[in-house]
file data_25.cif (mmCIF, C-alpha atoms and all ligand atoms)
data_query
#
loop_
_atom_site.group_PDB
_atom_site.id
_atom_site.type_symbol
_atom_site.label_atom_id
_atom_site.label_comp_id
_atom_site.auth_asym_id
_atom_site.auth_seq_id
_atom_site.Cartn_x
_atom_site.Cartn_y
_atom_site.Cartn_z
ATOM 1 C CA MET A 1 0.000 0.000 0.000
ATOM 2 C CA ALA A 2 1.342 3.407 -0.953
ATOM 3 C CA GLY A 3 2.295 5.622 1.941
ATOM 4 C CA GLY A 4 3.006 3.011 4.595
ATOM 5 C CA SER A 5 0.888 0.747 6.722
ATOM 6 C CA TYR A 6 -1.154 3.310 8.619
ATOM 7 C CA VAL A 7 -4.898 3.019 7.961
ATOM 8 C CA GLY A 8 -7.218 5.232 9.982
ATOM 9 C CA ARG A 9 -10.907 5.969 9.818
ATOM 10 C CA PHE A 10 -13.695 8.267 10.834
ATOM 11 C CA ALA A 11 -16.931 6.449 11.555
ATOM 12 C CA PRO A 12 -19.865 8.770 12.232
ATOM 13 C CA SER A 13 -23.367 7.601 13.111
ATOM 14 C CA PRO A 14 -25.869 9.293 10.793
ATOM 15 C CA THR A 15 -28.160 10.435 13.593
ATOM 16 C CA GLY A 16 -27.806 14.057 12.479
ATOM 17 C CA PRO A 17 -25.276 16.469 10.945
ATOM 18 C CA LEU A 18 -21.770 16.741 12.391
ATOM 19 C CA HIS A 19 -21.508 19.098 15.352
ATOM 20 C CA ALA A 20 -18.461 20.732 16.921
ATOM 21 C CA GLY A 21 -17.664 17.602 18.938
ATOM 22 C CA SER A 22 -17.756 15.172 16.043
ATOM 23 C CA LEU A 23 -15.606 17.489 13.909
ATOM 24 C CA VAL A 24 -12.864 17.246 16.572
ATOM 25 C CA ALA A 25 -12.723 13.462 16.170
ATOM 26 C CA ALA A 26 -12.875 13.738 12.377
ATOM 27 C CA LEU A 27 -10.060 16.285 12.259
ATOM 28 C CA ALA A 28 -7.894 14.361 14.732
ATOM 29 C CA SER A 29 -8.194 11.089 12.815
ATOM 30 C CA TRP A 30 -7.565 12.826 9.474
ATOM 31 C CA LEU A 31 -4.491 14.690 10.788
ATOM 32 C CA ASP A 32 -3.067 11.552 12.385
ATOM 33 C CA ALA A 33 -3.465 9.614 9.120
ATOM 34 C CA ARG A 34 -1.897 12.397 7.048
ATOM 35 C CA ALA A 35 0.958 12.864 9.540
ATOM 36 C CA HIS A 36 1.731 9.135 9.220
ATOM 37 C CA ASN A 37 1.483 9.265 5.396
ATOM 38 C CA GLY A 38 -1.368 6.838 5.858
ATOM 39 C CA HIS A 39 -4.802 6.236 4.458
ATOM 40 C CA TRP A 40 -7.996 7.665 5.895
ATOM 41 C CA LEU A 41 -11.319 5.888 5.397
ATOM 42 C CA LEU A 42 -14.916 6.841 6.061
ATOM 43 C CA ARG A 43 -17.497 4.453 7.425
ATOM 44 C CA ILE A 44 -21.118 5.357 8.034
ATOM 45 C CA GLU A 45 -22.193 3.498 11.175
ATOM 46 C CA ASP A 46 -25.878 3.045 10.431
ATOM 47 C CA VAL A 47 -26.519 -0.367 11.999
ATOM 48 C CA ASP A 48 -28.732 1.137 14.694
ATOM 49 C CA THR A 49 -31.539 1.656 12.206
ATOM 50 C CA PRO A 50 -34.085 3.110 14.665
ATOM 51 C CA ARG A 51 -31.690 6.013 15.398
ATOM 52 C CA THR A 52 -30.582 6.616 11.807
ATOM 53 C CA VAL A 53 -31.869 9.836 10.251
ATOM 54 C CA ALA A 54 -32.530 9.669 6.511
ATOM 55 C CA GLY A 55 -30.177 11.939 4.592
ATOM 56 C CA ALA A 56 -27.841 12.630 7.521
ATOM 57 C CA ASP A 57 -25.118 10.511 5.914
ATOM 58 C CA GLN A 58 -25.040 12.709 2.805
ATOM 59 C CA ILE A 59 -24.984 15.857 4.944
ATOM 60 C CA ILE A 60 -22.014 14.506 6.936
ATOM 61 C CA LEU A 61 -20.093 13.600 3.770
ATOM 62 C CA GLN A 62 -20.737 17.077 2.388
ATOM 63 C CA GLN A 63 -19.630 18.694 5.677
ATOM 64 C CA LEU A 64 -16.371 16.726 5.684
ATOM 65 C CA ALA A 65 -15.704 17.672 2.061
ATOM 66 C CA THR A 66 -16.338 21.341 2.862
ATOM 67 C CA CYS A 67 -13.722 21.055 5.611
ATOM 68 C CA GLY A 68 -11.218 19.522 3.185
ATOM 69 C CA LEU A 69 -11.301 16.149 4.951
ATOM 70 C CA HIS A 70 -11.353 13.873 1.900
ATOM 71 C CA PRO A 71 -11.200 10.078 2.289
ATOM 72 C CA ASP A 72 -8.784 7.912 0.316
ATOM 73 C CA ALA A 73 -11.493 5.454 -0.754
ATOM 74 C CA PRO A 74 -15.257 5.582 -1.260
ATOM 75 C CA PRO A 75 -17.145 5.490 2.060
ATOM 76 C CA VAL A 76 -18.785 2.267 3.238
ATOM 77 C CA TRP A 77 -22.179 1.891 4.913
ATOM 78 C CA GLN A 78 -22.530 -0.652 7.696
ATOM 79 C CA SER A 79 -26.140 -1.293 6.694
ATOM 80 C CA GLN A 80 -24.766 -2.926 3.514
ATOM 81 C CA ARG A 81 -22.362 -5.224 5.353
ATOM 82 C CA SER A 82 -24.712 -7.607 7.190
ATOM 83 C CA ALA A 83 -23.153 -10.656 5.537
ATOM 84 C CA LEU A 84 -19.801 -9.867 7.183
ATOM 85 C CA TYR A 85 -21.413 -9.490 10.615
ATOM 86 C CA GLN A 86 -23.443 -12.678 10.128
ATOM 87 C CA ALA A 87 -20.277 -14.610 9.244
ATOM 88 C CA ALA A 88 -18.544 -13.317 12.385
ATOM 89 C CA LEU A 89 -21.515 -14.286 14.557
ATOM 90 C CA GLU A 90 -21.604 -17.759 13.012
ATOM 91 C CA GLN A 91 -17.885 -18.169 13.717
ATOM 92 C CA LEU A 92 -18.480 -17.255 17.368
ATOM 93 C CA ILE A 93 -21.451 -19.630 17.634
ATOM 94 C CA ALA A 94 -19.413 -22.443 16.048
ATOM 95 C CA THR A 95 -16.590 -21.912 18.542
ATOM 96 C CA GLY A 96 -19.007 -21.849 21.489
ATOM 97 C CA LEU A 97 -18.339 -18.196 22.276
ATOM 98 C CA ALA A 98 -21.765 -16.783 21.354
ATOM 99 C CA TYR A 99 -25.165 -17.957 22.559
ATOM 100 C CA ALA A 100 -28.826 -17.058 22.191
ATOM 101 C CA CYS A 101 -30.405 -15.025 24.998
ATOM 102 C CA THR A 102 -34.148 -14.629 25.445
ATOM 103 C CA CYS A 103 -34.030 -12.571 28.644
ATOM 104 C CA SER A 104 -36.168 -9.489 28.978
ATOM 105 C CA ARG A 105 -34.818 -6.561 30.960
ATOM 106 C CA LYS A 106 -37.111 -7.679 33.786
ATOM 107 C CA ASP A 107 -35.580 -11.205 33.709
ATOM 108 C CA ILE A 108 -32.110 -9.691 34.070
ATOM 109 C CA GLU A 109 -33.199 -7.485 36.969
ATOM 110 C CA ILE A 110 -34.744 -10.485 38.777
ATOM 111 C CA ALA A 111 -31.619 -12.609 38.274
ATOM 112 C CA LEU A 112 -29.389 -9.813 39.561
ATOM 113 C CA ALA A 113 -31.644 -9.224 42.585
ATOM 114 C CA ALA A 114 -31.496 -12.942 43.414
ATOM 115 C CA ARG A 115 -27.721 -12.590 43.605
ATOM 116 C CA GLY A 116 -28.005 -9.636 45.924
ATOM 117 C CA HIS A 117 -26.827 -7.097 43.356
ATOM 118 C CA THR A 118 -28.087 -3.605 43.940
ATOM 119 C CA ARG A 119 -29.261 -1.682 40.939
ATOM 120 C CA THR A 120 -27.926 1.681 39.996
ATOM 121 C CA ARG A 121 -30.574 3.634 38.218
ATOM 122 C CA HIS A 122 -28.507 4.907 35.316
ATOM 123 C CA ALA A 123 -25.910 2.167 35.038
ATOM 124 C CA GLU A 124 -26.372 -0.515 32.459
ATOM 125 C CA LEU A 125 -27.249 -3.887 33.900
ATOM 126 C CA VAL A 126 -24.409 -6.396 34.055
ATOM 127 C CA TYR A 127 -25.769 -9.483 32.324
ATOM 128 C CA PRO A 128 -25.790 -12.354 34.833
ATOM 129 C CA GLY A 129 -25.326 -15.143 32.270
ATOM 130 C CA SER A 130 -28.820 -16.648 32.653
ATOM 131 C CA CYS A 131 -28.908 -18.136 29.130
ATOM 132 C CA ARG A 132 -25.351 -19.472 28.939
ATOM 133 C CA LEU A 133 -26.504 -23.058 29.338
ATOM 134 C CA GLY A 134 -29.599 -22.615 27.145
ATOM 135 C CA PRO A 135 -32.219 -19.925 26.592
ATOM 136 C CA LEU A 136 -34.298 -18.969 29.615
ATOM 137 C CA HIS A 137 -37.459 -18.970 27.468
ATOM 138 C CA PRO A 138 -36.883 -21.697 24.878
ATOM 139 C CA MET A 139 -40.150 -20.976 23.055
ATOM 140 C CA SER A 140 -39.489 -17.274 22.676
ATOM 141 C CA ARG A 141 -38.971 -16.175 19.119
ATOM 142 C CA ALA A 142 -37.140 -12.930 19.854
ATOM 143 C CA GLN A 143 -33.589 -13.719 20.821
ATOM 144 C CA ALA A 144 -30.437 -11.714 21.121
ATOM 145 C CA TRP A 145 -26.959 -13.164 20.638
ATOM 146 C CA ARG A 146 -24.424 -12.562 23.390
ATOM 147 C CA LEU A 147 -20.659 -13.059 23.641
ATOM 148 C CA ARG A 148 -19.228 -15.074 26.513
ATOM 149 C CA THR A 149 -16.818 -13.158 28.708
ATOM 150 C CA ASP A 150 -16.268 -15.943 31.246
ATOM 151 C CA VAL A 151 -14.091 -18.200 29.110
ATOM 152 C CA LEU A 152 -10.341 -18.392 28.713
ATOM 153 C CA LEU A 153 -8.826 -17.977 25.284
ATOM 154 C CA ALA A 154 -5.342 -19.025 24.333
ATOM 155 C CA PRO A 155 -3.068 -16.394 25.918
ATOM 156 C CA HIS A 156 -2.820 -13.407 23.636
ATOM 157 C CA GLY A 157 -1.214 -10.086 24.332
ATOM 158 C CA PRO A 158 -0.732 -8.577 27.739
ATOM 159 C CA SER A 159 -3.849 -10.005 29.438
ATOM 160 C CA PRO A 160 -2.700 -12.927 31.573
ATOM 161 C CA GLY A 161 -4.404 -16.234 30.946
ATOM 162 C CA GLY A 162 -6.442 -15.052 27.960
ATOM 163 C CA SER A 163 -9.204 -13.773 30.221
ATOM 164 C CA SER A 164 -11.558 -10.888 29.519
ATOM 165 C CA HIS A 165 -9.644 -8.752 31.990
ATOM 166 C CA ILE A 166 -8.300 -6.457 29.264
ATOM 167 C CA ILE A 167 -5.215 -4.304 29.660
ATOM 168 C CA TRP A 168 -4.629 -1.855 26.821
ATOM 169 C CA HIS A 169 -2.708 1.293 26.054
ATOM 170 C CA ASP A 170 -4.283 4.511 24.837
ATOM 171 C CA ARG A 171 -1.882 6.818 22.994
ATOM 172 C CA ARG A 172 -3.274 9.811 24.889
ATOM 173 C CA LEU A 173 -4.770 8.413 28.102
ATOM 174 C CA GLY A 174 -1.994 5.922 28.835
ATOM 175 C CA PRO A 175 -2.513 2.481 30.430
ATOM 176 C CA GLN A 176 -6.130 1.338 30.685
ATOM 177 C CA ALA A 177 -7.748 -1.765 32.152
ATOM 178 C CA GLN A 178 -11.234 -3.213 32.363
ATOM 179 C CA ASP A 179 -12.529 -6.578 33.513
ATOM 180 C CA VAL A 180 -15.201 -7.015 30.853
ATOM 181 C CA ALA A 181 -16.938 -9.900 32.634
ATOM 182 C CA GLN A 182 -17.277 -7.802 35.758
ATOM 183 C CA ALA A 183 -17.984 -4.423 34.129
ATOM 184 C CA VAL A 184 -20.551 -5.425 31.503
ATOM 185 C CA GLY A 185 -20.853 -9.209 31.453
ATOM 186 C CA ASP A 186 -21.697 -11.196 28.319
ATOM 187 C CA PHE A 187 -22.576 -8.390 25.927
ATOM 188 C CA VAL A 188 -24.950 -8.346 22.974
ATOM 189 C CA LEU A 189 -23.720 -8.875 19.403
ATOM 190 C CA GLN A 190 -27.088 -8.927 17.682
ATOM 191 C CA ARG A 191 -30.191 -7.550 19.338
ATOM 192 C CA ALA A 192 -33.507 -9.347 19.530
ATOM 193 C CA ASP A 193 -34.860 -6.930 16.893
ATOM 194 C CA GLY A 194 -32.176 -8.160 14.494
ATOM 195 C CA CYS A 195 -29.982 -5.041 14.642
ATOM 196 C CA TRP A 196 -26.248 -5.656 14.832
ATOM 197 C CA THR A 197 -24.659 -3.917 17.778
ATOM 198 C CA TYR A 198 -22.048 -1.204 17.570
ATOM 199 C CA GLN A 199 -19.466 -3.528 19.186
ATOM 200 C CA LEU A 200 -19.780 -6.303 16.615
ATOM 201 C CA ALA A 201 -19.980 -4.039 13.573
ATOM 202 C CA VAL A 202 -16.999 -1.901 14.614
ATOM 203 C CA VAL A 203 -14.745 -4.867 15.349
ATOM 204 C CA VAL A 204 -15.611 -6.677 12.110
ATOM 205 C CA ASP A 205 -15.237 -3.525 10.010
ATOM 206 C CA ASP A 206 -12.001 -2.319 11.599
ATOM 207 C CA ALA A 207 -10.476 -5.695 10.725
ATOM 208 C CA ALA A 208 -12.064 -5.944 7.270
ATOM 209 C CA GLN A 209 -10.830 -2.455 6.366
ATOM 210 C CA GLY A 210 -7.355 -3.113 7.761
ATOM 211 C CA ILE A 211 -7.608 -0.290 10.298
ATOM 212 C CA SER A 212 -4.278 0.054 12.135
ATOM 213 C CA HIS A 213 -5.107 3.168 14.194
ATOM 214 C CA VAL A 214 -8.412 4.151 15.776
ATOM 215 C CA VAL A 215 -8.713 7.833 16.693
ATOM 216 C CA ARG A 216 -12.128 8.685 18.157
ATOM 217 C CA GLY A 217 -13.862 10.651 20.907
ATOM 218 C CA GLN A 218 -13.164 9.868 24.529
ATOM 219 C CA ASP A 219 -16.846 9.033 25.107
ATOM 220 C CA LEU A 220 -16.128 5.801 23.214
ATOM 221 C CA ALA A 221 -13.080 4.802 25.303
ATOM 222 C CA ASP A 222 -15.170 2.614 27.598
ATOM 223 C CA ASN A 223 -16.048 0.354 24.636
ATOM 224 C CA THR A 224 -12.424 -0.452 23.851
ATOM 225 C CA ALA A 225 -11.958 -3.357 26.275
ATOM 226 C CA ARG A 226 -15.111 -5.050 24.927
ATOM 227 C CA GLN A 227 -13.866 -4.565 21.382
ATOM 228 C CA ILE A 228 -10.433 -6.001 22.176
ATOM 229 C CA TRP A 229 -12.059 -9.031 23.821
ATOM 230 C CA LEU A 230 -14.229 -9.532 20.733
ATOM 231 C CA GLN A 231 -11.167 -9.161 18.459
ATOM 232 C CA ARG A 232 -9.445 -11.923 20.401
ATOM 233 C CA CYS A 233 -12.521 -14.158 20.267
ATOM 234 C CA LEU A 234 -12.559 -13.731 16.471
ATOM 235 C CA GLY A 235 -8.775 -14.042 16.102
ATOM 236 C CA LEU A 236 -8.484 -10.479 14.745
ATOM 237 C CA PRO A 237 -5.658 -7.984 15.303
ATOM 238 C CA THR A 238 -6.015 -5.086 17.753
ATOM 239 C CA PRO A 239 -5.445 -1.590 16.336
ATOM 240 C CA GLN A 240 -3.750 1.196 18.287
ATOM 241 C CA TYR A 241 -6.197 3.487 20.037
ATOM 242 C CA LEU A 242 -6.269 7.191 20.789
ATOM 243 C CA HIS A 243 -9.284 8.899 22.343
ATOM 244 C CA THR A 244 -9.617 12.632 21.760
ATOM 245 C CA PRO A 245 -10.759 15.290 24.256
ATOM 246 C CA LEU A 246 -14.478 15.966 24.287
ATOM 247 C CA VAL A 247 -16.229 19.239 23.623
ATOM 248 C CA LEU A 248 -18.452 19.938 26.590
ATOM 249 C CA GLY A 249 -21.860 21.567 26.447
ATOM 250 C CA ALA A 250 -23.064 24.352 28.708
ATOM 251 C CA ASP A 251 -24.128 21.736 31.283
ATOM 252 C CA GLY A 252 -20.613 20.265 31.439
ATOM 253 C CA ALA A 253 -21.704 17.058 29.727
ATOM 254 C CA LYS A 254 -20.414 15.822 26.386
ATOM 255 C CA LEU A 255 -21.741 17.992 23.588
ATOM 256 C CA SER A 256 -24.745 16.368 21.956
ATOM 257 C CA LYS A 257 -28.001 17.277 20.322
ATOM 258 C CA GLN A 258 -29.573 16.835 23.765
ATOM 259 C CA ASN A 259 -27.630 19.683 25.370
ATOM 260 C CA GLY A 260 -27.771 22.130 22.560
ATOM 261 C CA ALA A 261 -25.076 21.200 20.065
ATOM 262 C CA LEU A 262 -25.789 23.213 16.965
ATOM 263 C CA PRO A 263 -25.012 21.840 13.528
ATOM 264 C CA LEU A 264 -21.721 23.256 12.295
ATOM 265 C CA ASP A 265 -21.902 26.536 10.438
ATOM 266 C CA LEU A 266 -19.854 25.590 7.426
ATOM 267 C CA SER A 267 -20.290 28.842 5.609
ATOM 268 C CA MET A 268 -16.918 29.525 7.265
ATOM 269 C CA PRO A 269 -15.191 26.107 7.356
ATOM 270 C CA LEU A 270 -11.863 27.520 8.548
ATOM 271 C CA GLN A 271 -13.549 28.913 11.640
ATOM 272 C CA ALA A 272 -15.097 25.513 12.411
ATOM 273 C CA LEU A 273 -11.725 23.831 11.854
ATOM 274 C CA ASN A 274 -9.934 26.373 14.054
ATOM 275 C CA SER A 275 -12.389 25.627 16.871
ATOM 276 C CA ALA A 276 -11.829 21.881 16.483
ATOM 277 C CA ALA A 277 -8.048 22.336 16.321
ATOM 278 C CA ALA A 278 -8.147 24.407 19.520
ATOM 279 C CA VAL A 279 -9.704 21.447 21.371
ATOM 280 C CA LEU A 280 -6.739 19.366 20.182
ATOM 281 C CA GLY A 281 -4.316 22.052 21.359
ATOM 282 C CA TRP A 282 -3.306 23.494 17.966
ATOM 283 C CA PRO A 283 -3.118 27.200 17.135
ATOM 284 C CA ALA A 284 -5.644 28.881 14.863
ATOM 285 C CA GLN A 285 -4.666 29.308 11.225
ATOM 286 C CA THR A 286 -5.411 31.967 8.660
ATOM 287 C CA GLY A 287 -5.442 31.519 4.904
ATOM 288 C CA THR A 288 -7.128 28.701 3.054
ATOM 289 C CA VAL A 289 -8.500 25.420 4.435
ATOM 290 C CA PRO A 290 -5.818 23.313 2.656
ATOM 291 C CA GLU A 291 -3.083 25.597 4.050
ATOM 292 C CA ALA A 292 -4.465 25.239 7.575
ATOM 293 C CA LEU A 293 -4.690 21.460 7.272
ATOM 294 C CA ALA A 294 -1.124 21.295 5.951
ATOM 295 C CA ALA A 295 0.156 23.408 8.853
ATOM 296 C CA TRP A 296 -1.555 21.229 11.460
ATOM 297 C CA THR A 297 -0.389 18.040 9.716
ATOM 298 C CA ALA A 298 3.215 19.184 10.084
ATOM 299 C CA MET A 299 2.632 19.926 13.778
ATOM 300 C CA VAL A 300 1.013 16.535 14.357
ATOM 301 C CA ALA A 301 3.854 14.754 12.562
ATOM 302 C CA ALA A 302 6.426 16.503 14.751
ATOM 303 C CA ASN A 303 4.374 15.827 17.887
ATOM 304 C CA GLY A 304 3.626 12.153 17.143
ATOM 305 C CA SER A 305 0.031 12.591 18.219
ATOM 306 C CA PRO A 306 -2.987 14.531 16.914
ATOM 307 C CA VAL A 307 -3.393 15.988 20.399
ATOM 308 C CA ALA A 308 -0.776 18.559 21.421
ATOM 309 C CA ARG A 309 1.356 17.603 24.438
HETATM 310 ZN ZN ZN B 401 -30.567 -14.378 28.697
#
call {"tool": "encode", "arguments": {"input": "data_25.cif", "output": "structure tokens"}}
result
Amino acid sequence: MAGGSYVGRFAPSPTGPLHAGSLVAALASWLDARAHNGHWLLRIEDVDTPRTVAGADQIILQQLATCGLHPDAPPVWQSQRSALYQAALEQLIATGLAYACTCSRKDIEIALAARGHTRTRHAELVYPGSCRLGPLHPMSRAQAWRLRTDVLLAPHGPSPGGSSHIIWHDRRLGPQAQDVAQAVGDFVLQRADGCWTYQLAVVVDDAAQGISHVVRGQDLADNTARQIWLQRCLGLPTPQYLHTPLVLGADGAKLSKQNGALPLDLSMPLQALNSAAAVLGWPAQTGTVPEALAAWTAMVAANGSPVAR
């Protein structure tokens, strides 16, 4: 491949136009790829069909083009890649790592209560493994598929014993660790409504597209241990990860449509890019968009990271 072995990506969910926060992740991943003389790919993550907004994908692609962030290959849409996800699920079923789950949320709450677990109102429920030995409701037609986190794989990487206690390194945040079995339990790969989950689609696509470096928003950092566990279960390589600083809304929470993120005003793309670059620690540029991108690329290359340090 021309330009070395770096392959990065930006993978927006088409739930609306890009906002200031998503442009930070897009710019960071683009700059990191360019600074490594690598390739930069676009993937539209539209597997969560109930949340997908018609036409948002085209708006996002137009916004990125206006900002001069051009991909090195045509974008891909996850909604067109079901066969890949199905093949991965079948591999996991064949190796005994995935199983059907017919639990309702209520079933999970009852099983957790029986074990004396207290519920936190906003925390996601840790799946107690009720269906590992066979579905709780064998006659139920709606079933999700879950990944086992309680098994040992052949030792791989820095996690001792091949367990789902995952130790990984973030290029910005440093050493990270999560015991997936304890933190989330056997997680869902395909929902009972047939939708593929973010975890499965991302892991399959990162491998299929040869992604070597993932640069994305820090709100996604908590998913990384699950994704590394799934990579190991599928025998796939683990990319390098870097999670970028978040843009906070007026309420101090991550910027989102819920707390007033406005769609980017791209009548002045350089201004939008300067704001995104400031979050990454880079100085504002004047001149044209390509000149600004070239200046930041040189800074990122010298720094070794798309976030100033
Ligand atoms: Zn279950």
call {"tool": "residues_near_ligand", "arguments": {"input": "data_25.cif", "ligand": "ligand ZN 401 (chain B)", "cutoff": "8 Å", "atoms": "only C-alpha atoms and all ligand atoms", "output": "VMD selection string"}}
result
chain A and resid 100 to 104 107 to 108 127 129 to 132 135 to 136
call {"tool": "write_last_selection", "arguments": {"input": "data_25.cif", "atoms": "C-alpha atoms", "output": "PDB file, keeping the file's coordinate frame"}}
result
ATOM      1  CA  ALA A 100     -28.826 -17.058  22.191  1.00  0.00           C
ATOM      2  CA  CYS A 101     -30.405 -15.025  24.998  1.00  0.00           C
ATOM      3  CA  THR A 102     -34.148 -14.629  25.445  1.00  0.00           C
ATOM      4  CA  CYS A 103     -34.030 -12.571  28.644  1.00  0.00           C
ATOM      5  CA  SER A 104     -36.168  -9.489  28.978  1.00  0.00           C
ATOM      6  CA  ASP A 107     -35.580 -11.205  33.709  1.00  0.00           C
ATOM      7  CA  ILE A 108     -32.110  -9.691  34.070  1.00  0.00           C
ATOM      8  CA  TYR A 127     -25.769  -9.483  32.324  1.00  0.00           C
ATOM      9  CA  GLY A 129     -25.326 -15.143  32.270  1.00  0.00           C
ATOM     10  CA  SER A 130     -28.820 -16.648  32.653  1.00  0.00           C
ATOM     11  CA  CYS A 131     -28.908 -18.136  29.130  1.00  0.00           C
ATOM     12  CA  ARG A 132     -25.351 -19.472  28.939  1.00  0.00           C
ATOM     13  CA  PRO A 135     -32.219 -19.925  26.592  1.00  0.00           C
ATOM     14  CA  LEU A 136     -34.298 -18.969  29.615  1.00  0.00           C
TER      15      LEU A 136
END
call {"tool": "residues_around", "arguments": {"input": "data_25.cif", "residues": "Tyr6 in chain A", "least_positions_apart": "5", "cutoff": "10 Å", "atoms": "only C-alpha atoms", "output": "list of chain:residue names"}}
result
A:Met1, A:Asp32, A:Ala33, A:Arg34, A:Ala35, A:His36, A:Asn37, A:Gly38, A:His39, A:Trp40, A:Gly210, A:Ile211, A:Ser212, A:His213
call {"tool": "closest_residue", "arguments": {"input": "data_25.cif", "among": "A:Gln218, A:Thr224, A:Asn303, A:Gln80", "to": "Gln240 in chain A", "atoms": "all atoms listed in the file"}}
result
A:Thr224
call {"tool": "resolve_selection", "arguments": {"input": "data_25.cif", "expression": "the PyMOL selection byres (((chain A and resi 48) around 8) and not hetatm)", "output": "mmCIF file with C-alpha atoms, keeping the file's coordinate frame"}}
result
data_model
loop_
_atom_site.group_PDB
_atom_site.id
_atom_site.type_symbol
_atom_site.label_atom_id
_atom_site.label_comp_id
_atom_site.auth_asym_id
_atom_site.auth_seq_id
_atom_site.Cartn_x
_atom_site.Cartn_y
_atom_site.Cartn_z
ATOM 1 C CA GLU A 45 -22.193 3.498 11.175
ATOM 2 C CA ASP A 46 -25.878 3.045 10.431
ATOM 3 C CA VAL A 47 -26.519 -0.367 11.999
ATOM 4 C CA THR A 49 -31.539 1.656 12.206
ATOM 5 C CA PRO A 50 -34.085 3.110 14.665
ATOM 6 C CA ARG A 51 -31.690 6.013 15.398
ATOM 7 C CA THR A 52 -30.582 6.616 11.807
ATOM 8 C CA CYS A 195 -29.982 -5.041 14.642
ATOM 9 C CA TRP A 196 -26.248 -5.656 14.832
ATOM 10 C CA THR A 197 -24.659 -3.917 17.778
ATOM 11 C CA TYR A 198 -22.048 -1.204 17.570
#
call {"tool": "closest_residue", "arguments": {"input": "data_25.cif", "among": "A:Leu147, A:Leu18, A:Leu242, A:Ala301", "to": "Ile93 in chain A", "atoms": "all atoms listed in the file"}}
result
A:Leu147
call {"tool": "atom_distance", "arguments": {"input": "data_25.cif", "atom1": "CA of Pro239 in chain A", "atom2": "CA of Val204 in chain A"}}
result
12.1 Å
call {"tool": "resolve_selection", "arguments": {"input": "data_25.cif", "expression": "the PyMOL selection byres (((chain A and resi 233) around 12) and not hetatm)", "output": "tab-separated table (two decimals) with C-alpha atoms, in the coordinates of the input"}}
result
chain	number	residue	atom	x	y	z
A	88	ALA	CA	-18.54	-13.32	12.38
A	89	LEU	CA	-21.52	-14.29	14.56
A	91	GLN	CA	-17.89	-18.17	13.72
A	92	LEU	CA	-18.48	-17.26	17.37
A	93	ILE	CA	-21.45	-19.63	17.63
A	94	ALA	CA	-19.41	-22.44	16.05
A	95	THR	CA	-16.59	-21.91	18.54
A	96	GLY	CA	-19.01	-21.85	21.49
A	97	LEU	CA	-18.34	-18.20	22.28
A	98	ALA	CA	-21.76	-16.78	21.35
A	147	LEU	CA	-20.66	-13.06	23.64
A	148	ARG	CA	-19.23	-15.07	26.51
A	149	THR	CA	-16.82	-13.16	28.71
A	150	ASP	CA	-16.27	-15.94	31.25
A	151	VAL	CA	-14.09	-18.20	29.11
A	152	LEU	CA	-10.34	-18.39	28.71
A	153	LEU	CA	-8.83	-17.98	25.28
A	154	ALA	CA	-5.34	-19.02	24.33
A	155	PRO	CA	-3.07	-16.39	25.92
A	156	HIS	CA	-2.82	-13.41	23.64
A	162	GLY	CA	-6.44	-15.05	27.96
A	163	SER	CA	-9.20	-13.77	30.22
A	164	SER	CA	-11.56	-10.89	29.52
A	200	LEU	CA	-19.78	-6.30	16.61
A	203	VAL	CA	-14.74	-4.87	15.35
A	204	VAL	CA	-15.61	-6.68	12.11
A	226	ARG	CA	-15.11	-5.05	24.93
A	227	GLN	CA	-13.87	-4.57	21.38
A	228	ILE	CA	-10.43	-6.00	22.18
A	229	TRP	CA	-12.06	-9.03	23.82
A	230	LEU	CA	-14.23	-9.53	20.73
A	231	GLN	CA	-11.17	-9.16	18.46
A	232	ARG	CA	-9.44	-11.92	20.40
A	234	LEU	CA	-12.56	-13.73	16.47
A	235	GLY	CA	-8.78	-14.04	16.10
A	236	LEU	CA	-8.48	-10.48	14.74
A	237	PRO	CA	-5.66	-7.98	15.30
A	238	THR	CA	-6.02	-5.09	17.75
call {"tool": "axis_aligned_box", "arguments": {"input": "data_25.cif", "around": "range 42-56 of chain A", "padding_each_side": "3 Å", "output": "JSON"}}
result
{"center_x": -24.5, "center_y": 6.1, "center_z": 10.0, "size_x": 25.2, "size_y": 19.0, "size_z": 16.8}
call {"tool": "resolve_selection", "arguments": {"input": "data_25.cif", "expression": "the PyMOL selection byres (((chain A and resi 165) around 8) and not hetatm)", "output": "list of chain:residue names"}}
result
A:Ser159, A:Ser163, A:Ser164, A:Ile166, A:Ile167, A:Ala177, A:Gln178, A:Asp179, A:Val180, A:Ala181
call {"tool": "write_last_selection", "arguments": {"input": "data_25.cif", "atoms": "C-alpha atoms", "output": "mmCIF file, in the coordinates of the input"}}
result
data_model
loop_
_atom_site.group_PDB
_atom_site.id
_atom_site.type_symbol
_atom_site.label_atom_id
_atom_site.label_comp_id
_atom_site.auth_asym_id
_atom_site.auth_seq_id
_atom_site.Cartn_x
_atom_site.Cartn_y
_atom_site.Cartn_z
ATOM 1 C CA SER A 159 -3.849 -10.005 29.438
ATOM 2 C CA SER A 163 -9.204 -13.773 30.221
ATOM 3 C CA SER A 164 -11.558 -10.888 29.519
ATOM 4 C CA ILE A 166 -8.300 -6.457 29.264
ATOM 5 C CA ILE A 167 -5.215 -4.304 29.660
ATOM 6 C CA ALA A 177 -7.748 -1.765 32.152
ATOM 7 C CA GLN A 178 -11.234 -3.213 32.363
ATOM 8 C CA ASP A 179 -12.529 -6.578 33.513
ATOM 9 C CA VAL A 180 -15.201 -7.015 30.853
ATOM 10 C CA ALA A 181 -16.938 -9.900 32.634
#
call {"tool": "atom_distance", "arguments": {"input": "data_25.cif", "atom1": "CA of Val188 in chain A", "atom2": "CA of Ala54 in chain A"}}
result
25.6 Å
call {"tool": "residues_around", "arguments": {"input": "data_25.cif", "residues": "range 266-269 of chain A", "least_positions_apart": "2", "cutoff": "8 Å", "atoms": "only C-alpha atoms", "output": "number ranges by chain"}}
result
A: 63, 66-67, 264, 271-273, 289
